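*Asks:* Pasting run-v3.pdb here (PDB, C-alpha atoms, pLDDT in the B column):
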ATOM      1  CA  MET A 128      49.328 -30.465 -24.335  1.00 69.00           C
ATOM      2  CA  PRO A 129      49.196 -30.638 -20.549  1.00 70.00           C
ATOM      3  CA  THR A 130      46.611 -32.960 -19.065  1.00 77.00           C
ATOM      4  CA  PRO A 131      43.698 -30.915 -17.705  1.00 84.00           C
ATOM      5  CA  ASP A 132      43.318 -30.958 -13.957  1.00 92.00           C
ATOM      6  CA  ARG A 133      39.948 -32.626 -13.381  1.00 94.00           C
ATOM      7  CA  LEU A 134      39.940 -31.519  -9.747  1.00 93.00           C
ATOM      8  CA  ALA A 135      40.307 -27.844 -10.629  1.00 94.00           C
ATOM      9  CA  ALA A 136      37.444 -25.384 -10.239  1.00 95.00           C
ATOM     10  CA  PRO A 137      35.444 -24.622 -13.385  1.00 94.00           C
ATOM     11  CA  PRO A 138      36.538 -21.464 -15.185  1.00 93.00           C
ATOM     12  CA  THR A 139      34.781 -18.278 -14.209  1.00 92.00           C
ATOM     13  CA  VAL A 140      32.929 -16.274 -16.833  1.00 91.00           C
ATOM     14  CA  GLU A 141      32.012 -12.636 -17.149  1.00 93.00           C
ATOM     15  CA  ASN A 142      28.440 -11.944 -16.057  1.00 93.00           C
ATOM     16  CA  PRO A 143      27.817 -15.526 -14.911  1.00 94.00           C
ATOM     17  CA  SER A 144      24.337 -16.954 -15.282  1.00 94.00           C
ATOM     18  CA  GLN A 145      22.590 -18.765 -12.461  1.00 96.00           C
ATOM     19  CA  ALA A 146      23.760 -22.069 -13.934  1.00 95.00           C
ATOM     20  CA  ASP A 147      27.350 -20.769 -14.133  1.00 96.00           C
ATOM     21  CA  THR A 148      27.165 -19.977 -10.427  1.00 96.00           C
ATOM     22  CA  GLY A 149      25.706 -23.429  -9.887  1.00 97.00           C
ATOM     23  CA  ALA A 150      28.754 -24.968 -11.561  1.00 97.00           C
ATOM     24  CA  GLN A 151      30.925 -23.427  -8.840  1.00 97.00           C
ATOM     25  CA  VAL A 152      28.528 -24.678  -6.149  1.00 98.00           C
ATOM     26  CA  TYR A 153      28.678 -28.157  -7.672  1.00 98.00           C
ATOM     27  CA  TRP A 154      32.471 -28.188  -7.795  1.00 98.00           C
ATOM     28  CA  LEU A 155      32.804 -27.141  -4.173  1.00 97.00           C
ATOM     29  CA  ASN A 156      30.054 -29.273  -2.627  1.00 98.00           C
ATOM     30  CA  CYS A 157      29.059 -32.086  -4.996  1.00 97.00           C
ATOM     31  CA  GLN A 158      31.954 -32.995  -7.267  1.00 97.00           C
ATOM     32  CA  PRO A 159      33.969 -34.956  -4.668  1.00 95.00           C
ATOM     33  CA  CYS A 160      31.243 -37.628  -4.538  1.00 96.00           C
ATOM     34  CA  HIS A 161      29.300 -37.178  -7.784  1.00 97.00           C
ATOM     35  CA  GLY A 162      32.243 -36.771 -10.161  1.00 97.00           C
ATOM     36  CA  ASP A 163      33.666 -34.062 -12.354  1.00 97.00           C
ATOM     37  CA  VAL A 164      31.097 -34.755 -15.066  1.00 97.00           C
ATOM     38  CA  GLY A 165      28.336 -35.988 -12.796  1.00 98.00           C
ATOM     39  CA  GLN A 166      29.196 -39.658 -13.330  1.00 98.00           C
ATOM     40  CA  GLY A 167      28.936 -40.644  -9.666  1.00 97.00           C
ATOM     41  CA  LEU A 168      31.603 -42.049  -7.380  1.00 96.00           C
ATOM     42  CA  THR A 169      33.126 -44.494  -9.848  1.00 96.00           C
ATOM     43  CA  ASP A 170      36.449 -46.279  -9.452  1.00 96.00           C
ATOM     44  CA  GLU A 171      37.818 -44.202 -12.331  1.00 97.00           C
ATOM     45  CA  TRP A 172      36.826 -40.965 -10.612  1.00 96.00           C
ATOM     46  CA  ARG A 173      38.262 -41.995  -7.234  1.00 95.00           C
ATOM     47  CA  ALA A 174      41.555 -42.689  -9.008  1.00 95.00           C
ATOM     48  CA  GLN A 175      41.883 -38.947  -9.720  1.00 93.00           C
ATOM     49  CA  TYR A 176      42.262 -38.229  -6.006  1.00 92.00           C
ATOM     50  CA  PRO A 177      45.489 -38.477  -4.036  1.00 91.00           C
ATOM     51  CA  PRO A 178      46.148 -42.112  -3.020  1.00 91.00           C
ATOM     52  CA  GLU A 179      45.327 -41.459   0.631  1.00 88.00           C
ATOM     53  CA  ASP A 180      41.860 -40.209  -0.340  1.00 88.00           C
ATOM     54  CA  GLN A 181      40.868 -42.966  -2.766  1.00 91.00           C
ATOM     55  CA  TYR A 182      39.447 -45.480  -0.287  1.00 91.00           C
ATOM     56  CA  CYS A 183      36.131 -43.837   0.486  1.00 92.00           C
ATOM     57  CA  TRP A 184      34.295 -46.857   1.899  1.00 93.00           C
ATOM     58  CA  GLU A 185      37.050 -48.257   4.102  1.00 92.00           C
ATOM     59  CA  SER A 186      36.890 -48.114   7.876  1.00 88.00           C
ATOM     60  CA  GLY A 187      38.566 -44.985   9.155  1.00 86.00           C
ATOM     61  CA  CYS A 188      37.509 -42.998   6.086  1.00 90.00           C
ATOM     62  CA  HIS A 189      33.798 -43.071   5.242  1.00 92.00           C
ATOM     63  CA  GLY A 190      33.194 -46.742   5.931  1.00 92.00           C
ATOM     64  CA  ASP A 191      31.298 -48.407   8.770  1.00 88.00           C
ATOM     65  CA  ARG A 192      33.518 -46.745  11.370  1.00 88.00           C
ATOM     66  CA  PRO A 193      34.311 -43.275   9.995  1.00 87.00           C
ATOM     67  CA  TYR A 194      36.907 -41.017  11.437  1.00 86.00           C
ATOM     68  CA  GLU A 195      35.903 -38.766  14.320  1.00 86.00           C
ATOM     69  CA  SER A 196      33.248 -36.242  13.207  1.00 85.00           C
ATOM     70  CA  GLY A 197      33.122 -38.053   9.846  1.00 89.00           C
ATOM     71  CA  PHE A 198      30.159 -39.627   8.070  1.00 91.00           C
ATOM     72  CA  THR A 199      29.377 -42.946   6.410  1.00 93.00           C
ATOM     73  CA  LEU A 200      28.908 -42.965   2.646  1.00 93.00           C
ATOM     74  CA  PRO A 201      26.027 -44.930   1.115  1.00 93.00           C
ATOM     75  CA  PRO A 202      27.014 -48.130  -0.756  1.00 91.00           C
ATOM     76  CA  ALA A 203      26.826 -46.310  -4.098  1.00 94.00           C
ATOM     77  CA  VAL A 204      26.836 -42.656  -5.092  1.00 96.00           C
ATOM     78  CA  PRO A 205      24.700 -42.184  -8.229  1.00 96.00           C
ATOM     79  CA  ALA A 206      25.328 -40.151 -11.345  1.00 97.00           C
ATOM     80  CA  VAL A 207      23.577 -36.783 -11.525  1.00 98.00           C
ATOM     81  CA  ILE A 208      24.428 -35.947 -15.143  1.00 97.00           C
ATOM     82  CA  GLY A 209      23.677 -38.201 -18.067  1.00 96.00           C
ATOM     83  CA  GLU A 210      20.792 -40.074 -19.615  1.00 94.00           C
ATOM     84  CA  GLY A 211      18.166 -40.923 -17.015  1.00 94.00           C
ATOM     85  CA  ALA A 212      20.170 -39.388 -14.153  1.00 96.00           C
ATOM     86  CA  LEU A 213      17.303 -37.138 -13.070  1.00 95.00           C
ATOM     87  CA  ALA A 214      14.444 -39.350 -14.236  1.00 95.00           C
ATOM     88  CA  ARG A 215      12.956 -39.483 -10.745  1.00 95.00           C
ATOM     89  CA  PHE A 216      12.193 -35.753 -10.815  1.00 97.00           C
ATOM     90  CA  ASP A 217       9.259 -34.363 -12.777  1.00 95.00           C
ATOM     91  CA  THR A 218       9.825 -30.634 -12.340  1.00 96.00           C
ATOM     92  CA  ALA A 219      12.500 -28.127 -11.400  1.00 96.00           C
ATOM     93  CA  ALA A 220      10.718 -27.704  -8.075  1.00 97.00           C
ATOM     94  CA  ASP A 221      11.043 -31.451  -7.355  1.00 97.00           C
ATOM     95  CA  LEU A 222      14.776 -31.351  -8.077  1.00 98.00           C
ATOM     96  CA  HIS A 223      15.306 -28.241  -5.952  1.00 98.00           C
ATOM     97  CA  ARG A 224      13.346 -29.731  -3.063  1.00 98.00           C
ATOM     98  CA  PHE A 225      15.481 -32.874  -3.067  1.00 98.00           C
ATOM     99  CA  VAL A 226      18.894 -31.215  -3.253  1.00 98.00           C
ATOM    100  CA  SER A 227      17.988 -28.538  -0.696  1.00 98.00           C
ATOM    101  CA  GLN A 228      16.703 -31.072   1.822  1.00 98.00           C
ATOM    102  CA  THR A 229      19.230 -33.899   1.419  1.00 97.00           C
ATOM    103  CA  MET A 230      22.481 -32.434   0.080  1.00 97.00           C
ATOM    104  CA  PRO A 231      25.370 -32.170   0.701  1.00 97.00           C
ATOM    105  CA  PHE A 232      25.205 -35.699   2.064  1.00 95.00           C
ATOM    106  CA  ASN A 233      27.365 -34.831   5.069  1.00 93.00           C
ATOM    107  CA  ALA A 234      25.457 -31.611   5.883  1.00 95.00           C
ATOM    108  CA  PRO A 235      21.950 -31.570   4.376  1.00 97.00           C
ATOM    109  CA  GLY A 236      20.373 -28.140   4.014  1.00 97.00           C
ATOM    110  CA  SER A 237      23.563 -26.293   4.935  1.00 98.00           C
ATOM    111  CA  LEU A 238      23.838 -24.181   1.774  1.00 98.00           C
ATOM    112  CA  SER A 239      22.038 -20.928   1.104  1.00 98.00           C
ATOM    113  CA  GLU A 240      18.755 -20.862  -0.777  1.00 97.00           C
ATOM    114  CA  GLU A 241      20.472 -19.020  -3.629  1.00 97.00           C
ATOM    115  CA  ALA A 242      23.116 -21.761  -3.839  1.00 98.00           C
ATOM    116  CA  TYR A 243      20.481 -24.490  -4.043  1.00 98.00           C
ATOM    117  CA  TRP A 244      18.614 -22.692  -6.824  1.00 98.00           C
ATOM    118  CA  ALA A 245      21.899 -22.165  -8.684  1.00 97.00           C
ATOM    119  CA  LEU A 246      22.750 -25.846  -8.282  1.00 98.00           C
ATOM    120  CA  THR A 247      19.313 -26.781  -9.617  1.00 98.00           C
ATOM    121  CA  ALA A 248      19.842 -24.544 -12.643  1.00 97.00           C
ATOM    122  CA  PHE A 249      23.283 -26.076 -13.267  1.00 97.00           C
ATOM    123  CA  LEU A 250      22.000 -29.657 -13.116  1.00 98.00           C
ATOM    124  CA  MET A 251      19.175 -28.785 -15.486  1.00 96.00           C
ATOM    125  CA  ARG A 252      21.565 -27.206 -17.981  1.00 95.00           C
ATOM    126  CA  ALA A 253      24.076 -30.038 -17.682  1.00 96.00           C
ATOM    127  CA  ASN A 254      21.318 -32.528 -18.503  1.00 96.00           C
ATOM    128  CA  GLY A 255      19.980 -30.451 -21.379  1.00 93.00           C
ATOM    129  CA  MET A 256      16.544 -30.104 -19.883  1.00 88.00           C
ATOM    130  CA  PRO A 257      14.237 -28.641 -20.736  1.00 82.00           C
ATOM    131  CA  PRO A 258      15.269 -26.508 -23.745  1.00 80.00           C
ATOM    132  CA  ALA A 259      12.308 -24.150 -23.373  1.00 77.00           C
ATOM    133  CA  GLY A 260      12.323 -24.019 -19.587  1.00 80.00           C
ATOM    134  CA  THR A 261      16.008 -23.805 -18.686  1.00 83.00           C
ATOM    135  CA  PRO A 262      16.578 -20.732 -16.487  1.00 87.00           C
ATOM    136  CA  THR A 263      17.966 -17.655 -18.229  1.00 85.00           C
ATOM    137  CA  PRO A 264      19.638 -14.527 -16.822  1.00 83.00           C
ATOM    138  CA  ASP A 265      16.338 -12.713 -17.286  1.00 84.00           C
ATOM    139  CA  ALA A 266      14.290 -15.445 -15.620  1.00 89.00           C
ATOM    140  CA  PRO A 267      16.400 -17.338 -13.056  1.00 94.00           C
ATOM    141  CA  LEU A 268      15.002 -19.958 -10.734  1.00 95.00           C
ATOM    142  CA  GLY A 269      14.014 -18.784  -7.292  1.00 95.00           C
ATOM    143  CA  ASP A 270      10.342 -19.482  -6.755  1.00 94.00           C
ATOM    144  CA  VAL A 271       8.928 -22.919  -5.962  1.00 95.00           C
ATOM    145  CA  GLU A 272       5.559 -22.282  -7.604  1.00 94.00           C
ATOM    146  CA  ALA A 273       7.167 -21.080 -10.829  1.00 93.00           C
ATOM    147  CA  ALA A 274       9.671 -23.947 -10.795  1.00 94.00           C
ATOM    148  CA  ALA A 275       6.797 -26.408 -10.433  1.00 94.00           C
ATOM    149  CA  LEU A 276       5.669 -25.349 -13.907  1.00 92.00           C
ATOM    150  CA  ILE A 277       9.026 -26.235 -15.493  1.00 93.00           C
ATOM    151  CA  GLY A 278       8.899 -29.888 -16.475  1.00 92.00           C
ATOM    152  CA  LEU A 279      12.221 -31.669 -16.776  1.00 92.00           C
ATOM    153  CA  ARG A 280      10.974 -33.844 -19.636  1.00 83.00           C
ATOM    154  CA  GLY A 281       8.626 -31.435 -21.380  1.00 78.00           C
ATOM    155  CA  PRO A 282       5.684 -29.183 -20.589  1.00 74.00           C
ATOM    156  CA  VAL A 283       3.942 -29.811 -17.302  1.00 80.00           C
ATOM    157  CA  ALA A 284       0.485 -31.238 -17.851  1.00 65.00           C
ATOM    158  CA  THR A 285      -2.153 -29.039 -16.342  1.00 60.00           C
ATOM    159  CA  ALA A 286      -5.631 -30.106 -15.466  1.00 51.00           C
ATOM    160  CA  THR A 287      -8.131 -29.262 -18.185  1.00 52.00           C
ATOM    161  CA  PRO A 288     -10.898 -27.140 -16.682  1.00 56.00           C
ATOM    162  CA  PRO A 289     -14.349 -28.634 -17.044  1.00 58.00           C
ATOM    163  CA  PRO A 290     -16.320 -27.228 -19.946  1.00 64.00           C
ATOM    164  CA  THR A 291     -18.550 -24.305 -19.120  1.00 68.00           C
ATOM    165  CA  PRO A 292     -22.124 -25.551 -19.155  1.00 67.00           C
ATOM    166  CA  VAL A 293     -24.150 -24.016 -21.943  1.00 64.00           C
ATOM    167  CA  PRO A 294     -27.447 -22.700 -20.621  1.00 67.00           C
ATOM    168  CA  VAL A 295     -30.365 -24.502 -22.180  1.00 61.00           C
ATOM    169  CA  PRO A 296     -33.228 -22.125 -22.965  1.00 61.00           C
ATOM    170  CA  ALA A 297     -36.600 -23.031 -21.581  1.00 56.00           C
ATOM    171  CA  PRO A 298     -38.781 -24.592 -24.254  1.00 55.00           C
ATOM    172  CA  ALA A 299     -40.932 -22.007 -25.930  1.00 54.00           C
ATOM    173  CA  SER A 300     -44.644 -22.296 -25.338  1.00 52.00           C
ATOM    174  CA  LEU A 301     -46.308 -24.118 -28.201  1.00 53.00           C
ATOM    175  CA  TRP A 302     -49.224 -21.705 -28.051  1.00 56.00           C
ATOM    176  CA  PRO A 303     -48.884 -17.978 -27.422  1.00 63.00           C
ATOM    177  CA  VAL A 304     -50.918 -16.670 -24.478  1.00 62.00           C
ATOM    178  CA  TRP A 305     -53.514 -14.933 -26.654  1.00 55.00           C
ATOM    179  CA  GLN A 306     -54.185 -18.132 -28.547  1.00 67.00           C
ATOM    180  CA  VAL A 307     -54.673 -20.053 -25.301  1.00 56.00           C
ATOM    181  CA  LEU A 308     -57.144 -17.419 -24.035  1.00 69.00           C
ATOM    182  CA  ALA A 309     -59.002 -17.391 -27.347  1.00 67.00           C
ATOM    183  CA  LEU A 310     -59.332 -21.165 -27.306  1.00 65.00           C
ATOM    184  CA  ALA A 311     -60.574 -21.092 -23.725  1.00 65.00           C
ATOM    185  CA  GLY A 312     -63.166 -18.469 -24.625  1.00 69.00           C
ATOM    186  CA  PHE A 313     -64.275 -20.472 -27.645  1.00 65.00           C
ATOM    187  CA  LEU A 314     -64.757 -23.573 -25.518  1.00 70.00           C
ATOM    188  CA  VAL A 315     -66.789 -21.563 -22.990  1.00 63.00           C
ATOM    189  CA  VAL A 316     -69.072 -20.284 -25.780  1.00 63.00           C
ATOM    190  CA  ILE A 317     -69.573 -23.805 -27.086  1.00 71.00           C
ATOM    191  CA  ALA A 318     -70.366 -25.103 -23.624  1.00 66.00           C
ATOM    192  CA  VAL A 319     -72.897 -22.331 -22.965  1.00 63.00           C
ATOM    193  CA  GLY A 320     -74.506 -22.820 -26.389  1.00 69.00           C
ATOM    194  CA  TRP A 321     -74.716 -26.531 -25.817  1.00 58.00           C
ATOM    195  CA  GLY A 322     -76.466 -25.989 -22.514  1.00 72.00           C
ATOM    196  CA  VAL A 323     -78.972 -23.512 -24.007  1.00 65.00           C
ATOM    197  CA  TRP A 324     -79.761 -25.868 -26.879  1.00 59.00           C
ATOM    198  CA  ARG A 325     -80.443 -28.768 -24.544  1.00 69.00           C
ATOM    199  CA  ARG A 326     -82.671 -26.688 -22.323  1.00 69.00           C
ATOM    200  CA  ARG A 327     -84.821 -25.495 -25.270  1.00 69.00           C
ATOM    201  CA  ARG A 328     -85.027 -28.982 -26.692  1.00 66.00           C
ATOM    202  CA  ALA A 329     -86.238 -30.285 -23.357  1.00 68.00           C
ATOM    203  CA  GLN A 330     -88.923 -27.551 -23.231  1.00 68.00           C
ATOM    204  CA  ARG A 331     -90.261 -28.497 -26.696  1.00 67.00           C
ATOM    205  CA  ILE A 332     -90.502 -32.115 -25.738  1.00 69.00           C
ATOM    206  CA  ASP A 333     -92.392 -31.303 -22.541  1.00 64.00           C
ATOM    207  CA  GLY A 334     -94.724 -28.884 -24.319  1.00 61.00           C
TER     208      GLY A 334
END
Just give me the structure of the file as structure tokens.
*Replies:*
Amino acid sequence: MPTPDRLAAPPTVENPSQADTGAQVYWLNCQPCHGDVGQGLTDEWRAQYPPEDQYCWESGCHGDRPYESGFTLPPAVPAVIGEGALARFDTAADLHRFVSQTMPFNAPGSLSEEAYWALTAFLMRANGMPPAGTPTPDAPLGDVEAAALIGLRGPVATATPPPTPVPVPAPASLWPVWQVLALAGFLVVIAVGWGVWRRRRAQRIDG
């Protein structure tokens, strides 16, 4: 069997999904530094390139003194596929924001918005995250607010709304109004009777 060409473009598919499109974006813009399987710029991956292109960090290539109009590579190029590769990102929106603002390393923000969303979808699929939130042909990525609800390690925690206060009814009067009025009238009658009795008693004593 012939050895597969690891530098070749990924195969095209009929009716490609957003992630399939992202695989092409990755191959063209990300694979040279991040590897054919997202492993990063390892010695093993650099060995797949022609000999004249294998010395990325040397002066005159992408070292301290790059070639004219070139750029300097960081000391290490991390993996983007594999366990923990995207651990720094909580949601699809976080991942999209990072790649669209900082990548490709030599020309940040130079791709189209559609390409960045496709790349985000590809990286999510390649990392198997999240099974329930991975973009589908019917619901591709493309909106930051919606992507913010797709957690890369599970459902996004949402703030629990405070409980609706239950209205407390005013305490019922212990005595109905008619009973209060009746009691007041009774007390008035007693007071008047008491006064009349005292007055008559005083008259008998004086007489």
*Asks:* Starting from the displayed file, determine the output of the PyMOL selection byres ((chain A and resi 240) around 12) and express the residue list as a PDB file with C-alpha atoms, in the coordinates of the input.
*Replies:*
ATOM      1  CA  GLY A 149      25.706 -23.429  -9.887  1.00 97.00           C
ATOM      2  CA  VAL A 152      28.528 -24.678  -6.149  1.00 98.00           C
ATOM      3  CA  HIS A 223      15.306 -28.241  -5.952  1.00 98.00           C
ATOM      4  CA  ARG A 224      13.346 -29.731  -3.063  1.00 98.00           C
ATOM      5  CA  VAL A 226      18.894 -31.215  -3.253  1.00 98.00           C
ATOM      6  CA  SER A 227      17.988 -28.538  -0.696  1.00 98.00           C
ATOM      7  CA  GLN A 228      16.703 -31.072   1.822  1.00 98.00           C
ATOM      8  CA  GLY A 236      20.373 -28.140   4.014  1.00 97.00           C
ATOM      9  CA  SER A 237      23.563 -26.293   4.935  1.00 98.00           C
ATOM     10  CA  LEU A 238      23.838 -24.181   1.774  1.00 98.00           C
ATOM     11  CA  SER A 239      22.038 -20.928   1.104  1.00 98.00           C
ATOM     12  CA  GLU A 241      20.472 -19.020  -3.629  1.00 97.00           C
ATOM     13  CA  ALA A 242      23.116 -21.761  -3.839  1.00 98.00           C
ATOM     14  CA  TYR A 243      20.481 -24.490  -4.043  1.00 98.00           C
ATOM     15  CA  TRP A 244      18.614 -22.692  -6.824  1.00 98.00           C
ATOM     16  CA  ALA A 245      21.899 -22.165  -8.684  1.00 97.00           C
ATOM     17  CA  LEU A 246      22.750 -25.846  -8.282  1.00 98.00           C
ATOM     18  CA  THR A 247      19.313 -26.781  -9.617  1.00 98.00           C
ATOM     19  CA  LEU A 268      15.002 -19.958 -10.734  1.00 95.00           C
ATOM     20  CA  GLY A 269      14.014 -18.784  -7.292  1.00 95.00           C
ATOM     21  CA  ASP A 270      10.342 -19.482  -6.755  1.00 94.00           C
ATOM     22  CA  VAL A 271       8.928 -22.919  -5.962  1.00 95.00           C
TER      23      VAL A 271
END
*Asks:* If we draw a sphere of 12 Å around (8.8, -30.0, -7.5), which residues have at least one atom in it when counting all atoms listed in the file? Please report them as a list of chain:residue names.
*Replies:* A:Arg215, A:Phe216, A:Asp217, A:Thr218, A:Ala219, A:Ala220, A:Asp221, A:Leu222, A:His223, A:Arg224, A:Phe225, A:Val226, A:Ser227, A:Thr247, A:Asp270, A:Val271, A:Glu272, A:Ala273, A:Ala274, A:Ala275, A:Leu276, A:Ile277, A:Gly278, A:Leu279, A:Val283
*Asks:* Measuring between only C-alpha atoms, which one of A:Val207, A:Ile317, A:Cys157, A:Ala259 shows the shortest distance to Leu134 (chain A)?
*Replies:*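 Going through A:Val207, A:Ile317, A:Cys157, A:Ala259 one by one, the smallest distance to Leu134 (chain A) is for A:Cys157.
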*Asks:* Have a look at CA of Pro231 (chain A) and CA of Trp172 (chain A) and let me know their distance in Å, one decimal.
*Replies:*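 CA of Trp172 (chain A) lies at a distance of 18.3 Å from CA of Pro231 (chain A).
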*Asks:* So how many Å separate CA of Ala266 (chain A) and CA of Gly165 (chain A), to one decimal?
*Replies:*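 Going from CA of Ala266 (chain A) over to CA of Gly165 (chain A) covers 25.0 Å.
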*Asks:* Measuring atom to atom with all atoms listed in the file, identify which of A:Gln166, A:Gln151, A:Gln145, A:Gln158 is nearest to Thr263 (chain A).
*Replies:*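 Among the listed residues, A:Gln145 lies closest to Thr263 (chain A).
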*Asks:* Apply the PyMOL selection byres ((chain A and resi 168) around 8) to the displayed file and report the matching residues as an NGL selection string.
*Replies:* :A and (159-162 or 166-167 or 169-170 or 172-173 or 203-206)
*Asks:* Using CA of Asp163 (chain A) and CA of Pro137 (chain A) as the two end points, give the distance in Å to one decimal.
*Replies:*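 Computed distance, CA of Asp163 (chain A) to CA of Pro137 (chain A), equals 9.7 Å.
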*Asks:* Between A:Val164, A:Ala214, A:Leu314, A:Leu250, which is the closest to Ala146 (chain A) once you count only C-alpha atoms?
*Replies:*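 Ranking A:Val164, A:Ala214, A:Leu314, A:Leu250 by distance to Ala146 (chain A), first place goes to A:Leu250.
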*Asks:* Go through the shown structure with the PyMOL selection byres ((chain A and resi 199) around 10) and write out the matching residues as a PyMOL selection string.
*Replies:* chain A and resi 183-194+197-198+200-202+232-233
